[in-house]
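The data block below is protein_39.cif; it holds mmCIF, C-alpha atoms.
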```cif
data_protein
#
loop_
_atom_site.group_PDB
_atom_site.id
_atom_site.type_symbol
_atom_site.label_atom_id
_atom_site.label_comp_id
_atom_site.auth_asym_id
_atom_site.auth_seq_id
_atom_site.Cartn_x
_atom_site.Cartn_y
_atom_site.Cartn_z
ATOM 1 C CA MET A 221 0.000 0.000 0.000
ATOM 2 C CA LYS A 222 1.377 3.408 -1.022
ATOM 3 C CA VAL A 223 0.919 6.082 1.640
ATOM 4 C CA LEU A 224 1.754 9.788 1.871
ATOM 5 C CA VAL A 225 2.157 11.386 5.308
ATOM 6 C CA THR A 226 2.181 15.187 5.573
ATOM 7 C CA GLY A 227 3.645 16.641 8.741
ATOM 8 C CA SER A 228 5.845 13.569 8.981
ATOM 9 C CA SER A 229 8.526 15.240 11.100
ATOM 10 C CA GLY A 230 6.163 16.235 13.914
ATOM 11 C CA PHE A 231 5.514 14.368 17.155
ATOM 12 C CA LEU A 232 2.576 12.405 15.750
ATOM 13 C CA GLY A 233 4.036 12.142 12.260
ATOM 14 C CA LYS A 234 7.267 10.467 13.335
ATOM 15 C CA SER A 235 5.463 7.896 15.446
ATOM 16 C CA LEU A 236 2.831 7.190 12.796
ATOM 17 C CA CYS A 237 5.490 6.659 10.135
ATOM 18 C CA LYS A 238 7.251 4.093 12.326
ATOM 19 C CA HIS A 239 4.005 2.162 12.756
ATOM 20 C CA LEU A 240 3.122 2.254 9.065
ATOM 21 C CA GLU A 241 6.591 1.105 8.038
ATOM 22 C CA ALA A 242 6.380 -1.771 10.511
ATOM 23 C CA LEU A 243 3.141 -2.806 8.802
ATOM 24 C CA GLY A 244 4.919 -2.912 5.456
ATOM 25 C CA TYR A 245 3.421 0.220 3.911
ATOM 26 C CA GLU A 246 5.321 1.906 1.078
ATOM 27 C CA LEU A 247 5.782 5.254 2.756
ATOM 28 C CA THR A 248 6.403 8.749 1.404
ATOM 29 C CA ARG A 249 7.265 11.250 4.123
ATOM 30 C CA SER A 250 6.491 14.912 3.546
ATOM 31 C CA ASN A 251 7.264 17.950 5.680
ATOM 32 C CA SER A 252 7.650 21.687 5.111
ATOM 33 C CA ASN A 253 11.312 21.317 4.110
ATOM 34 C CA ILE A 254 10.360 18.912 1.330
ATOM 35 C CA CYS A 255 6.968 20.267 0.328
ATOM 36 C CA ASP A 256 5.694 23.681 1.459
ATOM 37 C CA LEU A 257 1.937 23.164 1.433
ATOM 38 C CA ARG A 258 1.357 26.923 1.405
ATOM 39 C CA ASN A 259 2.441 26.764 -2.233
ATOM 40 C CA PRO A 260 -0.336 25.277 -4.417
ATOM 41 C CA LEU A 261 2.241 23.791 -6.803
ATOM 42 C CA SER A 262 4.351 22.097 -4.140
ATOM 43 C CA LEU A 263 2.423 18.814 -4.175
ATOM 44 C CA GLU A 264 3.116 18.279 -7.863
ATOM 45 C CA ILE A 265 6.348 16.507 -6.916
ATOM 46 C CA TYR A 266 4.135 13.569 -5.912
ATOM 47 C CA ASN A 267 1.929 13.504 -9.007
ATOM 48 C CA GLN A 268 3.615 10.426 -10.473
ATOM 49 C CA ILE A 269 2.785 8.310 -7.425
ATOM 50 C CA LYS A 270 -0.728 6.925 -7.130
ATOM 51 C CA PHE A 271 -1.295 6.822 -3.395
ATOM 52 C CA ASP A 272 -3.725 4.475 -1.708
ATOM 53 C CA GLN A 273 -3.911 6.657 1.380
ATOM 54 C CA ILE A 274 -2.955 10.174 2.453
ATOM 55 C CA PHE A 275 -2.464 10.912 6.145
ATOM 56 C CA HIS A 276 -2.760 14.693 6.472
ATOM 57 C CA LEU A 277 -1.140 15.775 9.741
ATOM 58 C CA ALA A 278 0.441 19.062 8.676
ATOM 59 C CA ALA A 279 -0.763 22.199 10.461
ATOM 60 C CA TRP A 280 0.666 25.571 11.460
ATOM 61 C CA THR A 281 0.257 25.806 15.214
ATOM 62 C CA GLN A 282 1.935 25.363 18.585
ATOM 63 C CA ALA A 283 0.843 24.622 22.119
ATOM 64 C CA GLY A 284 0.435 27.116 24.952
ATOM 65 C CA ASP A 285 -0.624 30.695 24.268
ATOM 66 C CA PHE A 286 0.687 30.681 20.674
ATOM 67 C CA CYS A 287 -2.876 30.964 19.381
ATOM 68 C CA LEU A 288 -3.395 34.284 21.203
ATOM 69 C CA TYR A 289 -0.656 36.038 19.260
ATOM 70 C CA HIS A 290 -1.008 34.524 15.781
ATOM 71 C CA PRO A 291 -4.738 34.287 14.946
ATOM 72 C CA GLY A 292 -4.448 35.993 11.562
ATOM 73 C CA GLU A 293 -1.427 33.982 10.493
ATOM 74 C CA GLN A 294 -3.076 30.789 11.698
ATOM 75 C CA TRP A 295 -6.101 31.492 9.531
ATOM 76 C CA ILE A 296 -4.189 32.344 6.346
ATOM 77 C CA ILE A 297 -1.505 29.666 6.601
ATOM 78 C CA ASN A 298 -3.728 26.772 7.675
ATOM 79 C CA GLN A 299 -6.370 27.619 5.090
ATOM 80 C CA LYS A 300 -3.679 27.565 2.398
ATOM 81 C CA ILE A 301 -2.266 24.269 3.653
ATOM 82 C CA ASN A 302 -5.647 22.557 3.808
ATOM 83 C CA SER A 303 -7.131 24.026 0.624
ATOM 84 C CA ASN A 304 -4.059 23.136 -1.412
ATOM 85 C CA LEU A 305 -4.057 19.597 -0.052
ATOM 86 C CA LEU A 306 -7.792 19.146 -0.697
ATOM 87 C CA SER A 307 -7.522 20.498 -4.237
ATOM 88 C CA TRP A 308 -4.590 18.213 -5.052
ATOM 89 C CA TRP A 309 -6.387 15.238 -3.515
ATOM 90 C CA SER A 310 -9.521 15.771 -5.587
ATOM 91 C CA THR A 311 -7.750 16.447 -8.896
ATOM 92 C CA LYS A 312 -4.570 14.349 -8.743
ATOM 93 C CA GLN A 313 -5.206 11.618 -6.153
ATOM 94 C CA PRO A 314 -8.967 10.903 -6.180
ATOM 95 C CA GLN A 315 -8.339 7.181 -5.676
ATOM 96 C CA ALA A 316 -6.658 7.832 -2.300
ATOM 97 C CA LYS A 317 -8.399 7.749 1.049
ATOM 98 C CA LEU A 318 -7.677 10.953 2.982
ATOM 99 C CA ILE A 319 -7.223 10.500 6.730
ATOM 100 C CA SER A 320 -6.844 13.732 8.669
ATOM 101 C CA ILE A 321 -6.582 14.831 12.279
ATOM 102 C CA GLY A 322 -9.232 17.043 13.815
ATOM 103 C CA THR A 323 -8.903 18.942 17.069
ATOM 104 C CA SER A 324 -10.863 18.810 20.290
ATOM 105 C CA CYS A 325 -10.842 22.616 20.415
ATOM 106 C CA SER A 326 -13.266 22.621 17.464
ATOM 107 C CA TYR A 327 -16.004 21.582 19.871
ATOM 108 C CA ASP A 328 -18.229 24.082 21.635
ATOM 109 C CA PRO A 329 -17.553 23.362 25.344
ATOM 110 C CA GLN A 330 -21.208 24.131 26.108
ATOM 111 C CA LEU A 331 -22.344 21.158 24.004
ATOM 112 C CA PRO A 332 -21.729 17.427 24.470
ATOM 113 C CA LEU A 333 -18.373 16.592 22.864
ATOM 114 C CA ILE A 334 -19.839 14.027 20.475
ATOM 115 C CA GLU A 335 -18.936 13.737 16.812
ATOM 116 C CA ASP A 336 -22.309 15.063 15.633
ATOM 117 C CA ASN A 337 -21.445 18.362 17.330
ATOM 118 C CA TYR A 338 -18.021 18.818 15.715
ATOM 119 C CA LEU A 339 -19.361 21.554 13.435
ATOM 120 C CA GLU A 340 -21.962 22.887 15.872
ATOM 121 C CA GLY A 341 -21.868 25.843 18.251
ATOM 122 C CA LYS A 342 -18.915 28.134 18.909
ATOM 123 C CA PRO A 343 -15.384 27.117 19.948
ATOM 124 C CA ILE A 344 -13.764 29.094 22.777
ATOM 125 C CA ASP A 345 -12.498 32.535 21.740
ATOM 126 C CA SER A 346 -8.791 31.945 22.378
ATOM 127 C CA LEU A 347 -8.702 28.896 20.087
ATOM 128 C CA TYR A 348 -11.389 30.044 17.669
ATOM 129 C CA THR A 349 -9.222 30.584 14.583
ATOM 130 C CA TYR A 350 -7.429 27.243 14.699
ATOM 131 C CA ALA A 351 -10.663 25.457 15.590
ATOM 132 C CA MET A 352 -12.454 26.961 12.604
ATOM 133 C CA CYS A 353 -9.583 26.026 10.275
ATOM 134 C CA LYS A 354 -10.016 22.408 11.340
ATOM 135 C CA ARG A 355 -13.776 22.682 10.870
ATOM 136 C CA MET A 356 -13.228 24.042 7.367
ATOM 137 C CA LEU A 357 -10.974 21.078 6.595
ATOM 138 C CA GLN A 358 -13.765 18.730 7.641
ATOM 139 C CA ILE A 359 -16.341 20.646 5.589
ATOM 140 C CA GLY A 360 -14.048 20.483 2.563
ATOM 141 C CA LYS A 361 -13.582 16.727 2.871
ATOM 142 C CA VAL A 362 -17.322 16.148 3.165
ATOM 143 C CA ALA A 363 -18.058 18.432 0.205
ATOM 144 C CA LEU A 364 -15.530 16.718 -2.059
ATOM 145 C CA SER A 365 -16.810 13.324 -1.006
ATOM 146 C CA LYS A 366 -20.359 14.322 -1.904
ATOM 147 C CA GLN A 367 -19.482 15.796 -5.288
ATOM 148 C CA PHE A 368 -16.718 13.485 -6.466
ATOM 149 C CA GLY A 369 -17.213 10.304 -4.447
ATOM 150 C CA LEU A 370 -13.924 10.637 -2.572
ATOM 151 C CA THR A 371 -13.202 8.636 0.569
ATOM 152 C CA TYR A 372 -12.056 10.102 3.878
ATOM 153 C CA LEU A 373 -11.749 9.485 7.604
ATOM 154 C CA THR A 374 -11.412 12.072 10.379
ATOM 155 C CA VAL A 375 -10.143 11.335 13.874
ATOM 156 C CA VAL A 376 -10.216 13.787 16.779
ATOM 157 C CA PRO A 377 -7.685 13.053 19.537
ATOM 158 C CA SER A 378 -7.427 14.272 23.077
ATOM 159 C CA THR A 379 -4.030 15.723 23.986
ATOM 160 C CA LEU A 380 -1.372 13.225 22.932
ATOM 161 C CA TYR A 381 1.627 12.283 25.042
ATOM 162 C CA GLY A 382 4.349 9.701 24.631
ATOM 163 C CA LEU A 383 7.999 9.093 23.850
ATOM 164 C CA GLU A 384 10.250 11.084 21.511
ATOM 165 C CA TYR A 385 8.514 14.423 21.984
ATOM 166 C CA GLY A 386 10.564 17.282 20.529
ATOM 167 C CA THR A 387 11.259 20.060 23.030
ATOM 168 C CA LYS A 388 13.424 22.551 21.157
ATOM 169 C CA GLY A 389 12.293 25.833 19.648
ATOM 170 C CA LYS A 390 8.605 25.723 20.547
ATOM 171 C CA GLN A 391 6.094 25.904 23.357
ATOM 172 C CA MET A 392 5.364 22.463 24.759
ATOM 173 C CA HIS A 393 2.013 20.805 25.363
ATOM 174 C CA PHE A 394 0.985 21.125 28.972
ATOM 175 C CA ILE A 395 2.058 17.707 30.263
ATOM 176 C CA PHE A 396 5.588 18.051 28.864
ATOM 177 C CA ASP A 397 5.822 21.577 30.248
ATOM 178 C CA LEU A 398 4.804 20.230 33.661
ATOM 179 C CA ILE A 399 7.441 17.490 33.465
ATOM 180 C CA ARG A 400 10.109 20.043 32.539
ATOM 181 C CA LYS A 401 9.180 22.270 35.487
ATOM 182 C CA PHE A 402 9.296 19.376 37.960
ATOM 183 C CA LEU A 403 12.725 18.314 36.700
ATOM 184 C CA GLU A 404 14.046 21.875 36.813
ATOM 185 C CA PHE A 405 12.984 22.056 40.456
ATOM 186 C CA LYS A 406 14.458 18.634 41.209
ATOM 187 C CA TYR A 407 17.881 19.488 39.780
ATOM 188 C CA PHE A 408 18.094 23.301 39.954
ATOM 189 C CA LYS A 409 15.462 24.261 42.556
ATOM 190 C CA ARG A 410 13.744 26.518 40.040
ATOM 191 C CA PRO A 411 10.214 27.428 41.181
ATOM 192 C CA ILE A 412 7.372 25.292 39.838
ATOM 193 C CA VAL A 413 4.822 27.830 38.622
ATOM 194 C CA LEU A 414 1.811 26.371 36.813
ATOM 195 C CA TRP A 415 -0.655 28.413 34.769
ATOM 196 C CA GLY A 416 -4.142 28.910 36.197
ATOM 197 C CA ASP A 417 -5.562 27.737 39.508
ATOM 198 C CA GLY A 418 -4.951 24.047 38.814
ATOM 199 C CA ASN A 419 -8.620 23.163 38.509
ATOM 200 C CA GLN A 420 -8.758 23.059 34.713
ATOM 201 C CA ARG A 421 -9.174 19.480 33.544
ATOM 202 C CA ARG A 422 -7.508 17.555 30.717
ATOM 203 C CA GLU A 423 -7.352 14.021 29.347
ATOM 204 C CA LEU A 424 -4.276 12.428 27.826
ATOM 205 C CA VAL A 425 -4.021 9.703 25.202
ATOM 206 C CA PHE A 426 -0.791 7.739 24.837
ATOM 207 C CA ILE A 427 0.379 8.263 21.280
ATOM 208 C CA GLU A 428 0.887 4.536 20.638
ATOM 209 C CA ASP A 429 -2.736 3.878 21.632
ATOM 210 C CA PHE A 430 -3.998 6.664 19.390
ATOM 211 C CA ILE A 431 -2.137 5.321 16.366
ATOM 212 C CA ASN A 432 -3.135 1.707 16.954
ATOM 213 C CA ASN A 433 -6.787 2.692 17.312
ATOM 214 C CA LEU A 434 -6.574 4.889 14.220
ATOM 215 C CA ILE A 435 -5.147 2.011 12.190
ATOM 216 C CA GLU A 436 -7.926 -0.288 13.404
ATOM 217 C CA LEU A 437 -10.618 2.251 12.475
ATOM 218 C CA ASP A 438 -9.022 2.787 9.088
ATOM 219 C CA LYS A 439 -9.558 -0.874 8.213
ATOM 220 C CA SER A 440 -13.346 -0.593 8.219
ATOM 221 C CA GLU A 441 -14.491 3.031 8.470
ATOM 222 C CA ASN A 442 -14.985 5.412 5.550
ATOM 223 C CA ASN A 443 -16.518 8.900 5.328
ATOM 224 C CA ASN A 444 -16.820 9.113 9.081
ATOM 225 C CA ILE A 445 -15.470 10.992 12.100
ATOM 226 C CA PHE A 446 -14.386 9.517 15.438
ATOM 227 C CA ASN A 447 -13.206 10.903 18.745
ATOM 228 C CA ILE A 448 -10.241 9.043 20.215
ATOM 229 C CA GLY A 449 -9.994 10.026 23.855
ATOM 230 C CA ALA A 450 -8.861 8.464 27.094
ATOM 231 C CA GLY A 451 -12.309 8.354 28.626
ATOM 232 C CA GLU A 452 -11.178 9.967 31.872
ATOM 233 C CA ASP A 453 -9.816 13.360 32.827
ATOM 234 C CA TYR A 454 -7.731 14.829 35.638
ATOM 235 C CA SER A 455 -7.234 18.317 37.007
ATOM 236 C CA ILE A 456 -3.868 20.009 36.581
ATOM 237 C CA LYS A 457 -3.442 19.646 40.345
ATOM 238 C CA GLU A 458 -3.935 15.888 39.996
ATOM 239 C CA PHE A 459 -1.419 15.702 37.141
ATOM 240 C CA ALA A 460 1.011 17.628 39.338
ATOM 241 C CA GLN A 461 0.527 15.131 42.164
ATOM 242 C CA ILE A 462 1.210 12.195 39.824
ATOM 243 C CA LEU A 463 4.359 13.866 38.490
ATOM 244 C CA GLY A 464 5.448 14.712 42.020
ATOM 245 C CA ASN A 465 5.201 11.047 42.960
ATOM 246 C CA ILE A 466 7.187 9.980 39.882
ATOM 247 C CA THR A 467 9.943 12.600 40.226
ATOM 248 C CA GLY A 468 10.116 12.584 44.022
ATOM 249 C CA VAL A 469 9.191 16.272 44.241
ATOM 250 C CA ASN A 470 6.857 17.284 47.074
ATOM 251 C CA ILE A 471 3.658 18.821 45.732
ATOM 252 C CA SER A 472 3.910 21.616 48.321
ATOM 253 C CA ASN A 473 6.554 23.192 46.074
ATOM 254 C CA VAL A 474 4.002 23.877 43.328
ATOM 255 C CA GLN A 475 2.706 27.424 42.866
ATOM 256 C CA PHE A 476 -0.188 28.561 40.672
ATOM 257 C CA ASP A 477 -0.331 31.779 38.641
ATOM 258 C CA GLU A 478 -3.985 32.556 38.016
ATOM 259 C CA SER A 479 -3.118 35.477 35.725
ATOM 260 C CA LYS A 480 -1.833 33.138 33.020
ATOM 261 C CA TYR A 481 -3.652 31.705 30.009
ATOM 262 C CA VAL A 482 -5.377 28.372 30.676
ATOM 263 C CA GLY A 483 -7.402 27.638 27.516
ATOM 264 C CA ALA A 484 -10.571 25.601 27.921
ATOM 265 C CA LEU A 485 -11.472 24.750 31.509
ATOM 266 C CA SER A 486 -12.432 21.229 30.462
ATOM 267 C CA LYS A 487 -12.555 19.287 27.194
ATOM 268 C CA VAL A 488 -13.209 15.605 27.676
ATOM 269 C CA LEU A 489 -14.214 13.789 24.517
ATOM 270 C CA ASP A 490 -17.191 11.465 24.393
ATOM 271 C CA ASN A 491 -15.904 8.027 23.333
ATOM 272 C CA THR A 492 -19.229 6.257 22.892
ATOM 273 C CA LYS A 493 -18.857 6.000 19.125
ATOM 274 C CA ILE A 494 -15.354 4.514 19.033
ATOM 275 C CA ASP A 495 -16.105 2.220 21.968
ATOM 276 C CA SER A 496 -18.995 0.746 19.985
ATOM 277 C CA LYS A 497 -16.654 0.073 17.046
ATOM 278 C CA LEU A 498 -13.583 -0.968 19.023
ATOM 279 C CA PRO A 499 -14.819 -2.339 22.367
ATOM 280 C CA LYS A 500 -11.325 -3.659 23.138
ATOM 281 C CA ARG A 501 -9.397 -0.646 21.934
ATOM 282 C CA PHE A 502 -5.848 0.127 23.033
ATOM 283 C CA LYS A 503 -5.572 1.970 26.360
ATOM 284 C CA THR A 504 -2.417 2.592 28.376
ATOM 285 C CA ASN A 505 -2.777 3.289 32.093
ATOM 286 C CA LEU A 506 -1.980 6.969 32.667
ATOM 287 C CA LYS A 507 0.523 6.425 35.465
ATOM 288 C CA ASP A 508 2.324 3.712 33.485
ATOM 289 C CA GLY A 509 2.504 5.961 30.440
ATOM 290 C CA LEU A 510 3.729 8.959 32.408
ATOM 291 C CA ASN A 511 6.396 6.845 34.101
ATOM 292 C CA LYS A 512 7.802 5.952 30.678
ATOM 293 C CA VAL A 513 7.651 9.532 29.451
ATOM 294 C CA VAL A 514 9.205 11.053 32.577
ATOM 295 C CA ASN A 515 12.037 8.503 32.535
ATOM 296 C CA GLU A 516 12.865 9.306 28.909
ATOM 297 C CA PHE A 517 12.469 13.042 29.480
ATOM 298 C CA GLU A 518 14.748 12.926 32.516
ATOM 299 C CA GLN A 519 17.463 11.057 30.604
ATOM 300 C CA LYS A 520 17.434 13.735 27.897
ATOM 301 C CA PHE A 521 17.350 16.431 30.560
ATOM 302 C CA LEU A 522 20.422 15.031 32.296
ATOM 303 C CA SER A 523 22.313 14.547 29.031
ATOM 304 C CA ASN A 524 21.774 18.228 28.220
ATOM 305 C CA ILE A 525 23.110 19.204 31.646
ATOM 306 C CA ASN A 526 26.234 17.132 31.126
#
```
What is this file in structure tokens?
Amino acid sequence: MKVLVTGSSGFLGKSLCKHLEALGYELTRSNSNICDLRNPLSLEIYNQIKFDQIFHLAAWTQAGDFCLYHPGEQWIINQKINSNLLSWWSTKQPQAKLISIGTSCSYDPQLPLIEDNYLEGKPIDSLYTYAMCKRMLQIGKVALSKQFGLTYLTVVPSTLYGLEYGTKGKQMHFIFDLIRKFLEFKYFKRPIVLWGDGNQRRELVFIEDFINNLIELDKSENNNIFNIGAGEDYSIKEFAQILGNITGVNISNVQFDESKYVGALSKVLDNTKIDSKLPKRFKTNLKDGLNKVVNEFEQKFLSNIN
């Protein structure tokens, strides 16, 4: 099977490519250094390959408060990326199934976070631009499927965590930022200051579980959208307690800065739909997963010190 992966050098992209190669897929990796998706002609380098599947992971975004300072750029750049990919898919690769990644921030937090509500209501203001870009991607896929009979699949993950997360030159997703702060206190006694009051709630999905469940869904599901969440959430205070236990740092050393950006107060995906399709889906225990991640993170941390 011939597969193209955009965003192949990102956290999810690298892990997905490893899995697909292990399954024997004939893989073409694409990232912004190889193919700048803002340029409508950039994808022509792949015209001679007839792909069976396209995994579209590429997006212009970062974690943290990045979205507050780049809403206009996020709109222009992501719309270019997605529109160019959709146009190329429909005209040059109509035989390929397009699998793309949605975002939980597309949901209106006042509505149940079920797939039927992905395009309903209003996302939170701070994430509105990126959320609407992802909604537009979904609308485009559905429209092209209706008019031209194309095949797609959309999956919406909770926050992903796992091994081999890149930490240089960007804001980190909250759990990796928490790990970094605990290790900086452990080794340098730098204050642990967390954003918000600690009551905001999040769920984490181990990246290996997400990919395995995605691959299972891909075998049987077409023209559909699925949440892939953990099914349980924790407050930032609870995450801090878990990390304190793993790193040996007393939780009394944690401070909270309520003036800082916190994003959505809660965004726990409803997993009813995927659980009905994959009743025995892959799930890693949170504490087991975080133990693995903290151990790897700490090894890298210590190697950078030395």
Q.
Applying the PyMOL selection byres ((chain A and resi 397-408) around 9) to the file I just gave you, which residues come out? Please list them as a ChimeraX atom specification.
A. /A:391-396,409-414,459-460,463-464,467-469,473-474,513-514,517-518,521
**Q.** Residues near A:Cys287, cut-off 9 Å, only C-alpha atoms, skip fewer than 6 positions along chain, as an MDAnalysis selection string
**A.** chainID A and resid 281 294 346:350
Q: Tell me which residues the PyMOL selection byres ((chain A and resi 377-388) around 9) grabs here, as a ChimeraX atom specification.
A: /A:230-232,234-235,321-324,375-376,389-396,422-428,430,446-450,487-489,509-510,512-513,516-517
Q. What lies within 12 Å of stretch 304-312 of chain A using all atoms listed in the file, ignoring chain neighbours under 2 positions off, as a PyMOL selection string?
A. chain A and resi 224-226+255-279+297-302+314-320+356-372
(Q) One number please: atom CA of A:Lys480 to atom CA of A:Met352, in Å, one decimal. (A) 23.8 Å
Q: Would you list the residues near (-9.9, -1.0, 23.2) (no more than 12 Å away, in the coordinates of the file, using all atoms listed in the file) as a PyMOL selection string?
A: chain A and resi 429-430+432-434+436-437+448-451+491-492+494-504
Q.
At a cut-off of 7 Å, using only C-alpha atoms, what residues contact A:Ile445? Leave out same-chain residues fewer than 6 positions from it and give the result as a ChimeraX atom specification.
A. /A:335,373-375
(Q) Could you tell me, as a PyMOL selection string, exactly which residues end up selected when the PyMOL selection byres ((chain A and resi 339) around 10) is applied to this structure? (A) chain A and resi 326-328+335-338+340-343+351-352+354-356+358-359
Could you write out as JSON the box around stretch 447-460 of chain A (axis-aligned, all atoms listed in the file, 6 Å on each side), with centre and edge lengths in Å to one decimal?
```
{"center_x": -6.1, "center_y": 14.2, "center_z": 29.5, "size_x": 26.2, "size_y": 23.7, "size_z": 33.6}
```
Q.
Here's a test: counting only C-alpha atoms, identify every protein, DNA and RNA residue with an atom at most 12 Å from (-10.5, 26.1, 41.9) in the file's coordinate frame, and state them as a VMD selection string.
A. chain A and resid 416 to 421 455 to 457 476 478 485
**Q.** Point-to-point distance from atom CA of A:Gln282 to atom CA of A:Ile431, Å rounded to tenths
**A.**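 Rounded to one decimal, the two atoms are 20.6 Å apart.
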Q: Just give me the gap between atom CA of A:Thr248 and atom CA of A:Val223 in Å, one decimal is fine.
A: 6.1 Å
